[in-house]
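Asks: One file is attached below, upload.cif, containing mmCIF, C-alpha atoms (C1' of nucleotides).
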```cif
data_final
loop_
_atom_site.label_atom_id
_atom_site.label_comp_id
_atom_site.auth_asym_id
_atom_site.auth_seq_id
_atom_site.Cartn_x
_atom_site.Cartn_y
_atom_site.Cartn_z
CA MET A 1 -51.21 -72.52 -97.52
CA GLY A 2 -52.68 -72.20 -100.97
CA ARG A 3 -51.49 -73.75 -104.13
CA TRP A 4 -49.12 -70.84 -104.72
CA GLU A 5 -47.30 -68.39 -102.51
CA PRO A 6 -49.64 -65.45 -101.94
CA ASP A 7 -49.13 -61.90 -103.26
CA ALA A 8 -47.39 -62.61 -106.53
CA ALA A 9 -47.89 -58.98 -107.56
CA GLY A 10 -46.08 -57.76 -104.46
CA ARG A 11 -43.17 -60.13 -105.03
CA LEU A 12 -42.95 -58.99 -108.65
CA ARG A 13 -42.88 -55.34 -107.56
CA GLU A 14 -40.08 -55.97 -105.11
CA ALA A 15 -38.10 -58.06 -107.56
CA ALA A 16 -38.44 -55.43 -110.25
CA MET A 17 -37.32 -52.57 -107.99
CA ALA A 18 -34.33 -54.58 -106.81
CA LEU A 19 -33.24 -55.64 -110.27
CA TYR A 20 -33.80 -52.25 -111.89
CA ALA A 21 -31.70 -50.66 -109.16
CA GLU A 22 -29.05 -53.35 -109.41
CA ARG A 23 -28.61 -53.96 -113.16
CA GLY A 24 -30.59 -51.09 -114.57
CA TYR A 25 -33.88 -51.21 -116.44
CA ASP A 26 -32.39 -52.22 -119.79
CA GLY A 27 -30.21 -54.88 -118.23
CA THR A 28 -33.22 -56.55 -116.69
CA THR A 29 -35.59 -58.83 -118.61
CA VAL A 30 -39.13 -59.61 -117.59
CA ALA A 31 -38.02 -63.23 -117.28
CA ASP A 32 -35.41 -62.14 -114.71
CA ILE A 33 -38.05 -60.40 -112.63
CA ALA A 34 -40.44 -63.31 -112.88
CA ASP A 35 -37.72 -65.79 -111.93
CA ARG A 36 -36.81 -63.86 -108.83
CA ALA A 37 -40.47 -63.64 -107.86
CA GLY A 38 -40.89 -67.37 -108.45
CA VAL A 39 -43.37 -67.14 -111.30
CA THR A 40 -43.26 -67.18 -115.10
CA ALA A 41 -43.01 -64.19 -117.40
CA ARG A 42 -46.59 -64.81 -118.54
CA THR A 43 -47.76 -64.25 -114.99
CA PHE A 44 -45.89 -60.95 -114.84
CA PHE A 45 -48.04 -59.69 -117.70
CA ARG A 46 -51.18 -60.87 -115.98
CA HIS A 47 -50.43 -58.52 -113.10
CA PHE A 48 -48.86 -55.59 -114.95
CA ALA A 49 -49.63 -54.24 -118.37
CA ASP A 50 -45.97 -53.92 -119.28
CA LYS A 51 -42.42 -53.84 -117.99
CA ARG A 52 -42.75 -50.21 -116.85
CA GLU A 53 -46.06 -50.38 -115.06
CA VAL A 54 -44.66 -52.56 -112.28
CA LEU A 55 -43.10 -49.46 -110.72
CA PHE A 56 -46.23 -47.32 -110.85
CA ASN A 57 -48.83 -49.01 -108.77
CA GLY A 58 -49.06 -46.40 -106.05
CA SER A 59 -49.88 -43.68 -108.52
CA GLU A 60 -53.61 -44.33 -108.70
CA ARG A 61 -53.86 -44.09 -104.93
CA LEU A 62 -51.89 -40.83 -104.90
CA GLN A 63 -54.18 -39.46 -107.58
CA GLN A 64 -57.31 -40.52 -105.72
CA HIS A 65 -55.99 -38.96 -102.54
CA MET A 66 -55.27 -35.63 -104.20
CA VAL A 67 -58.58 -35.59 -106.04
CA ALA A 68 -60.42 -36.31 -102.80
CA ALA A 69 -58.59 -33.46 -101.09
CA LEU A 70 -59.46 -31.13 -103.95
CA ALA A 71 -63.10 -32.13 -103.80
CA ALA A 72 -63.11 -31.56 -100.05
CA ALA A 73 -61.66 -28.05 -100.28
CA PRO A 74 -63.93 -25.24 -99.06
CA ALA A 75 -66.47 -24.23 -101.69
CA ASP A 76 -65.42 -20.60 -101.47
CA ALA A 77 -61.74 -21.28 -102.06
CA THR A 78 -60.25 -19.87 -105.26
CA PRO A 79 -59.17 -22.46 -107.86
CA MET A 80 -55.54 -21.96 -106.88
CA GLU A 81 -56.29 -22.21 -103.16
CA ALA A 82 -58.14 -25.44 -103.78
CA MET A 83 -55.24 -26.77 -105.83
CA ALA A 84 -52.86 -25.87 -103.03
CA THR A 85 -54.96 -28.01 -100.71
CA ALA A 86 -54.72 -30.93 -103.11
CA VAL A 87 -50.97 -30.64 -103.58
CA LEU A 88 -50.42 -30.38 -99.85
CA ALA A 89 -52.52 -33.49 -99.34
CA SER A 90 -49.93 -35.47 -101.28
CA ALA A 91 -47.65 -35.10 -98.28
CA GLU A 92 -49.77 -37.54 -96.27
CA PHE A 93 -49.26 -40.09 -99.01
CA PHE A 94 -45.49 -39.91 -98.86
CA ASP A 95 -45.46 -39.91 -95.08
CA HIS A 96 -46.74 -43.48 -95.28
CA ILE A 97 -43.82 -44.92 -97.25
CA PRO A 98 -40.12 -45.04 -96.37
CA ARG A 99 -38.30 -42.04 -97.72
CA GLU A 100 -35.47 -44.28 -98.87
CA TYR A 101 -37.87 -46.16 -101.10
CA SER A 102 -39.06 -42.93 -102.68
CA ARG A 103 -35.47 -41.93 -103.29
CA ASP A 104 -34.42 -45.23 -104.83
CA ARG A 105 -37.49 -45.31 -107.01
CA ALA A 106 -36.94 -41.73 -108.15
CA ALA A 107 -33.30 -42.51 -108.94
CA VAL A 108 -34.22 -45.47 -111.11
CA ILE A 109 -36.95 -43.55 -112.89
CA THR A 110 -34.99 -40.40 -113.64
CA SER A 111 -32.12 -42.43 -115.04
CA THR A 112 -34.33 -44.39 -117.42
CA PRO A 113 -36.08 -42.51 -120.23
CA GLU A 114 -38.71 -45.20 -120.68
CA LEU A 115 -39.66 -45.03 -117.01
CA LEU A 116 -39.58 -41.26 -117.09
CA GLU A 117 -42.10 -41.32 -119.90
CA ARG A 118 -44.38 -43.48 -117.83
CA GLU A 119 -44.02 -41.18 -114.84
CA LEU A 120 -44.89 -38.19 -116.97
CA ILE A 121 -48.05 -39.76 -118.31
CA LYS A 122 -49.09 -40.47 -114.74
CA MET A 123 -48.58 -36.81 -113.99
CA ALA A 124 -50.65 -35.92 -117.04
CA SER A 125 -53.37 -38.24 -115.85
CA LEU A 126 -53.23 -36.52 -112.48
CA GLY A 127 -53.59 -33.17 -114.20
CA THR A 128 -56.62 -34.36 -116.13
CA ALA A 129 -58.28 -35.73 -113.01
CA LEU A 130 -57.68 -32.51 -111.11
CA THR A 131 -59.00 -30.48 -114.03
CA GLN A 132 -62.14 -32.59 -114.05
CA CYS A 133 -62.56 -32.07 -110.34
CA LEU A 134 -62.19 -28.30 -110.69
CA LEU A 135 -64.78 -28.30 -113.47
CA GLU A 136 -67.21 -30.01 -111.13
CA ARG A 137 -66.59 -27.22 -108.64
CA GLY A 138 -67.87 -24.80 -111.28
CA VAL A 139 -64.50 -23.42 -112.36
CA ALA A 140 -64.33 -22.15 -115.96
CA PRO A 141 -62.71 -24.70 -118.32
CA ASP A 142 -59.71 -22.58 -119.28
CA VAL A 143 -58.99 -21.67 -115.70
CA ALA A 144 -59.46 -25.23 -114.52
CA ALA A 145 -56.99 -26.71 -116.99
CA LEU A 146 -54.36 -24.12 -116.26
CA ALA A 147 -54.77 -24.26 -112.50
CA ALA A 148 -54.50 -28.05 -112.54
CA GLU A 149 -51.42 -28.07 -114.75
CA THR A 150 -49.82 -25.43 -112.60
CA GLY A 151 -50.62 -27.46 -109.51
CA VAL A 152 -48.99 -30.51 -111.03
CA ALA A 153 -45.95 -28.40 -111.90
CA VAL A 154 -45.72 -27.35 -108.26
CA PHE A 155 -45.99 -30.95 -107.15
CA ARG A 156 -43.27 -32.10 -109.54
CA VAL A 157 -40.85 -29.34 -108.60
CA ALA A 158 -41.50 -29.79 -104.89
CA PHE A 159 -41.06 -33.55 -105.05
CA GLU A 160 -37.75 -33.22 -106.83
CA ARG A 161 -36.53 -30.70 -104.28
CA TRP A 162 -37.68 -32.94 -101.43
CA ILE A 163 -35.81 -35.94 -102.83
CA GLY A 164 -32.62 -33.92 -102.79
CA ALA A 165 -33.22 -32.40 -99.37
CA PRO A 166 -31.91 -33.64 -95.99
CA ASP A 167 -33.90 -36.36 -94.27
CA ASP A 168 -35.36 -34.11 -91.61
CA VAL A 169 -37.13 -31.82 -94.05
CA PRO A 170 -40.80 -32.81 -94.33
CA ILE A 171 -42.27 -32.81 -97.83
CA ALA A 172 -45.13 -30.62 -96.67
CA ASP A 173 -42.65 -27.84 -95.91
CA VAL A 174 -41.12 -28.10 -99.36
CA ILE A 175 -44.55 -27.94 -100.97
CA GLN A 176 -45.44 -24.88 -98.91
CA ALA A 177 -42.23 -23.19 -99.94
CA THR A 178 -42.82 -24.03 -103.60
CA LEU A 179 -46.34 -22.64 -103.46
CA LYS A 180 -44.91 -19.47 -102.00
CA THR A 181 -42.37 -19.29 -104.81
CA LEU A 182 -45.18 -19.62 -107.32
CA ALA A 183 -47.09 -16.79 -105.72
CA GLY A 184 -44.04 -14.59 -106.00
CA LEU A 185 -43.55 -15.55 -109.62
CA THR A 186 -46.56 -13.76 -111.03
CA ALA A 187 -46.58 -10.89 -108.55
CA MET B 1 -29.86 -39.13 -159.50
CA GLY B 2 -28.08 -40.96 -156.74
CA ARG B 3 -28.17 -44.62 -156.02
CA TRP B 4 -31.28 -44.17 -153.89
CA GLU B 5 -34.16 -41.73 -153.87
CA PRO B 6 -33.12 -38.81 -151.70
CA ASP B 7 -34.65 -37.87 -148.34
CA ALA B 8 -35.51 -41.30 -147.00
CA ALA B 9 -36.18 -39.76 -143.59
CA GLY B 10 -38.75 -37.38 -145.04
CA ARG B 11 -40.52 -40.18 -146.88
CA LEU B 12 -40.57 -42.25 -143.71
CA ARG B 13 -42.08 -39.35 -141.77
CA GLU B 14 -44.83 -38.85 -144.32
CA ALA B 15 -45.55 -42.55 -144.59
CA ALA B 16 -45.76 -42.89 -140.82
CA MET B 17 -48.13 -39.92 -140.41
CA ALA B 18 -50.38 -41.23 -143.16
CA LEU B 19 -50.49 -44.78 -141.84
CA TYR B 20 -50.92 -43.81 -138.19
CA ALA B 21 -53.84 -41.57 -139.18
CA GLU B 22 -55.30 -44.22 -141.43
CA ARG B 23 -54.93 -47.49 -139.50
CA GLY B 24 -53.90 -46.18 -136.12
CA TYR B 25 -50.54 -46.51 -134.42
CA ASP B 26 -51.06 -50.08 -133.20
CA GLY B 27 -52.39 -51.19 -136.55
CA THR B 28 -49.23 -50.03 -138.28
CA THR B 29 -45.96 -51.97 -138.28
CA VAL B 30 -42.56 -50.49 -138.92
CA ALA B 31 -42.38 -52.76 -141.97
CA ASP B 32 -45.56 -51.10 -143.31
CA ILE B 33 -44.01 -47.66 -142.95
CA ALA B 34 -40.74 -48.74 -144.52
CA ASP B 35 -42.54 -50.41 -147.43
CA ARG B 36 -44.53 -47.30 -148.22
CA ALA B 37 -41.34 -45.22 -148.06
CA GLY B 38 -39.56 -47.68 -150.34
CA VAL B 39 -36.92 -48.82 -147.86
CA THR B 40 -36.46 -51.68 -145.41
CA ALA B 41 -37.39 -51.71 -141.75
CA ARG B 42 -33.70 -51.71 -140.87
CA THR B 43 -33.33 -48.37 -142.57
CA PHE B 44 -36.24 -46.96 -140.57
CA PHE B 45 -34.27 -47.59 -137.40
CA ARG B 46 -31.19 -45.96 -138.86
CA HIS B 47 -33.15 -42.71 -139.18
CA PHE B 48 -35.35 -42.91 -136.08
CA ALA B 49 -34.61 -44.38 -132.70
CA ASP B 50 -37.97 -46.08 -132.49
CA LYS B 51 -41.49 -46.29 -133.89
CA ARG B 52 -42.61 -43.22 -131.90
CA GLU B 53 -39.77 -40.87 -132.66
CA VAL B 54 -40.72 -40.59 -136.32
CA LEU B 55 -43.50 -38.15 -135.34
CA PHE B 56 -41.32 -35.93 -133.16
CA ASN B 57 -38.63 -34.50 -135.34
CA GLY B 58 -39.79 -30.90 -135.23
CA SER B 59 -39.60 -30.83 -131.46
CA GLU B 60 -35.89 -30.06 -131.22
CA ARG B 61 -36.33 -27.07 -133.48
CA LEU B 62 -39.28 -25.83 -131.45
CA GLN B 63 -37.23 -26.19 -128.31
CA GLN B 64 -34.25 -24.38 -129.80
CA HIS B 65 -36.52 -21.60 -130.98
CA MET B 66 -38.07 -21.10 -127.55
CA VAL B 67 -34.74 -21.29 -125.78
CA ALA B 68 -33.32 -18.70 -128.15
CA ALA B 69 -36.26 -16.40 -127.48
CA LEU B 70 -35.81 -16.81 -123.75
CA ALA B 71 -32.12 -16.06 -123.99
CA ALA B 72 -32.90 -12.97 -126.05
CA ALA B 73 -35.42 -11.58 -123.57
CA PRO B 74 -34.48 -8.25 -121.96
CA ALA B 75 -32.07 -8.70 -119.08
CA ASP B 76 -34.32 -6.75 -116.74
CA ALA B 77 -37.40 -8.87 -117.43
CA THR B 78 -38.76 -10.90 -114.52
CA PRO B 79 -38.47 -14.71 -114.87
CA MET B 80 -42.14 -14.95 -115.72
CA GLU B 81 -41.96 -12.12 -118.26
CA ALA B 82 -39.02 -13.82 -119.92
CA MET B 83 -40.92 -17.10 -119.99
CA ALA B 84 -43.88 -15.33 -121.58
CA THR B 85 -41.55 -14.17 -124.34
CA ALA B 86 -40.38 -17.71 -124.93
CA VAL B 87 -43.87 -19.19 -125.01
CA LEU B 88 -45.07 -16.50 -127.38
CA ALA B 89 -42.14 -17.22 -129.65
CA SER B 90 -43.53 -20.69 -130.23
CA ALA B 91 -46.23 -19.04 -132.31
CA GLU B 92 -43.73 -18.28 -135.07
CA PHE B 93 -42.88 -21.95 -135.22
CA PHE B 94 -46.47 -23.05 -135.81
CA ASP B 95 -47.07 -20.28 -138.32
CA HIS B 96 -44.62 -22.07 -140.58
CA ILE B 97 -46.50 -25.35 -140.81
CA PRO B 98 -50.03 -26.05 -142.07
CA ARG B 99 -52.55 -25.90 -139.28
CA GLU B 100 -54.20 -29.03 -140.64
CA TYR B 101 -50.97 -30.95 -140.15
CA SER B 102 -50.76 -29.82 -136.52
CA ARG B 103 -54.33 -30.91 -135.99
CA ASP B 104 -53.90 -34.33 -137.58
CA ARG B 105 -50.70 -34.92 -135.69
CA ALA B 106 -52.27 -33.87 -132.40
CA ALA B 107 -55.25 -36.14 -133.05
CA VAL B 108 -53.02 -39.16 -133.64
CA ILE B 109 -50.91 -38.41 -130.60
CA THR B 110 -53.70 -37.78 -128.12
CA SER B 111 -55.43 -40.97 -129.17
CA THR B 112 -52.33 -43.12 -128.66
CA PRO B 113 -50.94 -43.51 -125.13
CA GLU B 114 -47.50 -44.49 -126.38
CA LEU B 115 -47.25 -41.37 -128.51
CA LEU B 116 -48.63 -39.25 -125.71
CA GLU B 117 -45.83 -40.49 -123.48
CA ARG B 118 -43.29 -39.42 -126.05
CA GLU B 119 -44.89 -36.02 -126.41
CA LEU B 120 -44.79 -35.54 -122.66
CA ILE B 121 -41.10 -36.35 -122.42
CA LYS B 122 -40.46 -33.79 -125.14
CA MET B 123 -42.31 -31.25 -123.03
CA ALA B 124 -40.25 -32.27 -120.03
CA SER B 125 -37.10 -31.81 -122.07
CA LEU B 126 -38.36 -28.38 -123.07
CA GLY B 127 -38.91 -27.56 -119.41
CA THR B 128 -35.40 -28.63 -118.52
CA ALA B 129 -33.88 -26.58 -121.33
CA LEU B 130 -35.84 -23.50 -120.33
CA THR B 131 -34.87 -24.01 -116.70
CA GLN B 132 -31.23 -24.16 -117.71
CA CYS B 133 -31.60 -20.99 -119.71
CA LEU B 134 -33.19 -19.18 -116.79
CA LEU B 135 -30.37 -20.32 -114.53
CA GLU B 136 -27.90 -18.78 -116.95
CA ARG B 137 -29.81 -15.54 -116.65
CA GLY B 138 -29.06 -15.62 -112.94
CA VAL B 139 -32.49 -16.73 -111.74
CA ALA B 140 -32.52 -18.69 -108.47
CA PRO B 141 -32.77 -22.46 -109.03
CA ASP B 142 -36.12 -22.97 -107.33
CA VAL B 143 -37.67 -20.04 -109.14
CA ALA B 144 -36.19 -21.12 -112.46
CA ALA B 145 -37.58 -24.65 -112.32
CA LEU B 146 -41.01 -23.49 -111.30
CA ALA B 147 -41.18 -20.69 -113.83
CA ALA B 148 -40.10 -23.03 -116.62
CA GLU B 149 -42.59 -25.72 -115.67
CA THR B 150 -45.33 -23.14 -115.42
CA GLY B 151 -44.38 -21.78 -118.81
CA VAL B 152 -44.59 -25.26 -120.31
CA ALA B 153 -47.99 -25.71 -118.69
CA VAL B 154 -49.15 -22.50 -120.35
CA PHE B 155 -47.82 -23.71 -123.68
CA ARG B 156 -49.56 -27.07 -123.38
CA VAL B 157 -52.90 -25.61 -122.37
CA ALA B 158 -52.74 -22.92 -125.04
CA PHE B 159 -51.81 -25.39 -127.77
CA GLU B 160 -54.70 -27.63 -126.89
CA ARG B 161 -57.10 -24.70 -126.94
CA TRP B 162 -55.70 -23.53 -130.27
CA ILE B 163 -56.17 -26.94 -131.86
CA GLY B 164 -59.84 -26.83 -130.93
CA ALA B 165 -60.33 -23.21 -131.97
CA PRO B 166 -61.65 -21.92 -135.34
CA ASP B 167 -59.13 -21.56 -138.14
CA ASP B 168 -58.99 -17.78 -138.02
CA VAL B 169 -57.77 -17.63 -134.43
CA PRO B 170 -53.98 -17.17 -134.37
CA ILE B 171 -52.08 -19.24 -131.82
CA ALA B 172 -50.38 -16.10 -130.52
CA ASP B 173 -53.76 -14.78 -129.38
CA VAL B 174 -54.55 -17.99 -127.53
CA ILE B 175 -51.17 -17.90 -125.79
CA GLN B 176 -51.74 -14.28 -124.78
CA ALA B 177 -55.14 -15.16 -123.37
CA THR B 178 -53.72 -18.14 -121.49
CA LEU B 179 -50.97 -16.01 -119.97
CA LYS B 180 -53.63 -13.58 -118.84
CA THR B 181 -55.58 -16.41 -117.26
CA LEU B 182 -52.46 -17.47 -115.40
CA ALA B 183 -51.94 -13.97 -114.08
CA GLY B 184 -55.49 -13.96 -112.75
CA LEU B 185 -55.02 -17.35 -111.15
CA THR B 186 -52.61 -16.30 -108.43
CA ALA B 187 -54.00 -12.80 -107.95
"C1'" DC C 1 -67.85 -87.72 -99.66
"C1'" DC C 2 -67.86 -86.56 -104.40
"C1'" DC C 3 -68.10 -83.36 -108.23
"C1'" DA C 4 -68.55 -79.32 -111.26
"C1'" DG C 5 -67.01 -74.67 -111.29
"C1'" DT C 6 -63.59 -71.07 -110.45
"C1'" DG C 7 -59.34 -68.68 -110.55
"C1'" DA C 8 -54.45 -68.16 -110.54
"C1'" DT C 9 -50.91 -70.05 -112.82
"C1'" DG C 10 -48.04 -72.69 -116.38
"C1'" DT C 11 -46.94 -73.97 -121.31
"C1'" DC C 12 -46.53 -73.06 -126.06
"C1'" DA C 13 -46.60 -70.56 -130.25
"C1'" DT C 14 -46.49 -66.23 -132.52
"C1'" DT C 15 -46.01 -61.39 -133.69
"C1'" DG C 16 -43.39 -57.36 -133.92
"C1'" DA C 17 -39.93 -53.92 -132.11
"C1'" DC C 18 -35.26 -53.36 -132.04
"C1'" DT C 19 -30.00 -54.51 -132.59
"C1'" DG C 20 -25.50 -56.24 -134.21
"C1'" DA C 21 -22.64 -58.02 -137.90
"C1'" DC C 22 -21.64 -58.11 -142.38
"C1'" DA C 23 -22.37 -57.39 -147.50
"C1'" DT C 24 -23.27 -54.25 -151.38
"C1'" DC C 25 -22.33 -50.68 -154.54
"C1'" DA C 26 -22.99 -45.91 -156.53
"C1'" DC C 27 -20.40 -41.95 -155.81
"C1'" DC C 28 -16.27 -39.03 -155.00
"C1'" DG C 29 -11.76 -37.44 -154.48
"C1'" DA C 30 -6.76 -38.42 -155.29
"C1'" DT D 1 -8.31 -45.84 -162.38
"C1'" DC D 2 -8.82 -46.97 -157.68
"C1'" DG D 3 -9.55 -47.06 -152.78
"C1'" DG D 4 -12.54 -44.96 -149.38
"C1'" DT D 5 -17.09 -43.54 -147.83
"C1'" DG D 6 -21.81 -43.66 -146.75
"C1'" DA D 7 -26.46 -45.10 -147.21
"C1'" DT D 8 -28.71 -49.09 -147.74
"C1'" DG D 9 -29.87 -54.24 -147.79
"C1'" DT D 10 -29.70 -58.94 -145.67
"C1'" DC D 11 -29.78 -62.05 -141.92
"C1'" DA D 12 -29.84 -63.82 -137.43
"C1'" DG D 13 -31.02 -63.07 -132.94
"C1'" DT D 14 -33.11 -61.06 -128.38
"C1'" DC D 15 -36.87 -59.71 -125.93
"C1'" DA D 16 -41.50 -57.55 -124.95
"C1'" DA D 17 -46.15 -58.67 -125.35
"C1'" DT D 18 -50.38 -61.50 -126.45
"C1'" DG D 19 -53.64 -65.34 -127.46
"C1'" DA D 20 -55.03 -70.14 -126.84
"C1'" DC D 21 -55.19 -73.84 -124.09
"C1'" DA D 22 -53.93 -76.95 -120.05
"C1'" DT D 23 -53.45 -77.67 -115.04
"C1'" DC D 24 -55.01 -78.24 -110.52
"C1'" DA D 25 -55.79 -76.63 -105.58
"C1'" DC D 26 -59.70 -74.80 -103.64
"C1'" DT D 27 -64.84 -74.11 -102.91
"C1'" DG D 28 -69.65 -74.79 -102.41
"C1'" DG D 29 -73.56 -77.68 -103.23
"C1'" DG D 30 -75.63 -82.20 -103.44
#
```
Render the structure in this file as structure tokens.
Replies:
Amino acid sequence: MGRWEPDAAGRLREAAMALYAERGYDGTTVADIADRAGVTARTFFRHFADKREVLFNGSERLQQHMVAALAAAPADATPMEAMATAVLASAEFFDHIPREYSRDRAAVITSTPELLERELIKMASLGTALTQCLLERGVAPDVAALAAETGVAVFRVAFERWIGAPDDVPIADVIQATLKTLAGLTA
Amino acid sequence: MGRWEPDAAGRLREAAMALYAERGYDGTTVADIADRAGVTARTFFRHFADKREVLFNGSERLQQHMVAALAAAPADATPMEAMATAVLASAEFFDHIPREYSRDRAAVITSTPELLERELIKMASLGTALTQCLLERGVAPDVAALAAETGVAVFRVAFERWIGAPDDVPIADVIQATLKTLAGLTA
DNA sequence: CCCAGTGATGTCATTGACTGACATCACCGA
DNA sequence: TCGGTGATGTCAGTCAATGACATCACTGGG
């Protein structure tokens, strides 16, 4: 055993989720979170940039996963087909974490404007990354930006629908359905 | 003349824009802004919820304008046609303010993560409002959400392109072109 | 076996955003 | 003339966030 309990960041994440769900984001201080995790508030800020970031650590991995899927799409796919591949790839990400966790996390976030802001900037970052990836596939700048933003819109809408859907509905199905809705939208 | 100079909120807005552009958002304190506007920091918070909100006062009017346009769209228009009407209506809003102001404001916002977050939540709010409006037109929930989010994506992409375009290009033209790009995307 | 270096953490002080409670006082309407 | 109102000021306090510095188990070389 080391000098300190291992995985302070993980304990802080768990403590934050629990307290945000229990007392709400505003009713929770960083000191509360740190106490429950057995560290000091200063240590919290060594692991997370701010009080919001503690809930958004999976987002880089999700982004990487989707970007990788986009990059791996067939070279002859249209921009929108490639984006569809990327959005569908997000399903694998969510299959790896308990659905209940996703639901709780979404509930806390949507009920807290400050956390919602953070979530949105993650989505914007995702959009930028996907745009960049499309550009590298040779897609025209205007088309790339719009395709990426549209793809993110599909992801957001699908995720929200999935959260509210029965437990036996796989997220991949919801994404497929949302993509189909999009296709019908402009037809 | 009243006891105080009139329009404290307006002076605070101007002072904030000037200081954010000059020293950056982080390099500016609320006390700085209040000083330049000739009031105290406490008064700043009576007019604006926080240090970010002072740059986002036009956004409710923009949202109202777009919602009104959407509501006024022909009853037989498809969801996407109606959304196009709403997005195009935003042009009238920007025609009323100096382009240079829009550019400066956009420059400050895009270079400051905290302000970017606020901008994004305003866009999300716009999306929600447009979704609601589509629902009231009888559009199916799934279609409404997706159409609204897509419309917001078009607006965001078009605005960004407009900001970077020469001064003689009207925003309405850029929006038209972006809508055309979207149509080509799913074809 | 000892010792200097490393890294994760603690401690302390400070800044600045934001809030609640209360005071002030020109203005306005009865 | 007077009491009410509303925008502002003053003051004290909480909490997020950061910088500077101390601590000390662990590690690898001598």
Asks: Please find the residues of chain A near chain B - the criterion being any atom within 6 Å, counting all atoms listed in the file - and write them as an MDAnalysis selection string.
Replies: chainID A and resid 117 121 149:150 153
Asks: Show which residues sit within 12 Å of Arg13 (chain A), as a PyMOL selection string. Count all atoms listed in the file, and ignore same-chain residues fewer than 5 positions away.
Replies: chain A and resi 7-8+18-20+30+33-34+36-37+44+47-48+51-58+105
Asks: Please check the contacts: residues of chain B at most 12 Å away from chain C, using all atoms listed in the file, listed as a PyMOL selection string.
Replies: chain B and resi 1-4+26-32+41-46+48-52
Asks: List the neighbours of Phe93 (chain B) out to 9 Å using all atoms listed in the file; skip same-chain residues closer than 6 positions along the sequence, and give me the result as number ranges by chain.
Replies: B: 61-62, 65
Asks: With the file shown as input, list the residues that the PyMOL selection byres ((chain D) within 10 of (chain B)) selects, as an NGL selection string.
Replies: :D and (7-10)
Asks: Expand the PyMOL selection byres ((chain B and resi 84-91) around 6) into the individual residues it matches in the shown file, reporting them as a CSV table (one decimal) with C-alpha atoms, in the frame of the given file.
Replies:
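What follows is the written file expr.csv:
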```
chain,number,residue,atom,x,y,z
B,66,MET,CA,-38.1,-21.1,-127.6
B,69,ALA,CA,-36.3,-16.4,-127.5
B,70,LEU,CA,-35.8,-16.8,-123.8
B,81,GLU,CA,-42.0,-12.1,-118.3
B,82,ALA,CA,-39.0,-13.8,-119.9
B,83,MET,CA,-40.9,-17.1,-120.0
B,92,GLU,CA,-43.7,-18.3,-135.1
B,93,PHE,CA,-42.9,-22.0,-135.2
B,94,PHE,CA,-46.5,-23.0,-135.8
B,171,ILE,CA,-52.1,-19.2,-131.8
B,172,ALA,CA,-50.4,-16.1,-130.5
```
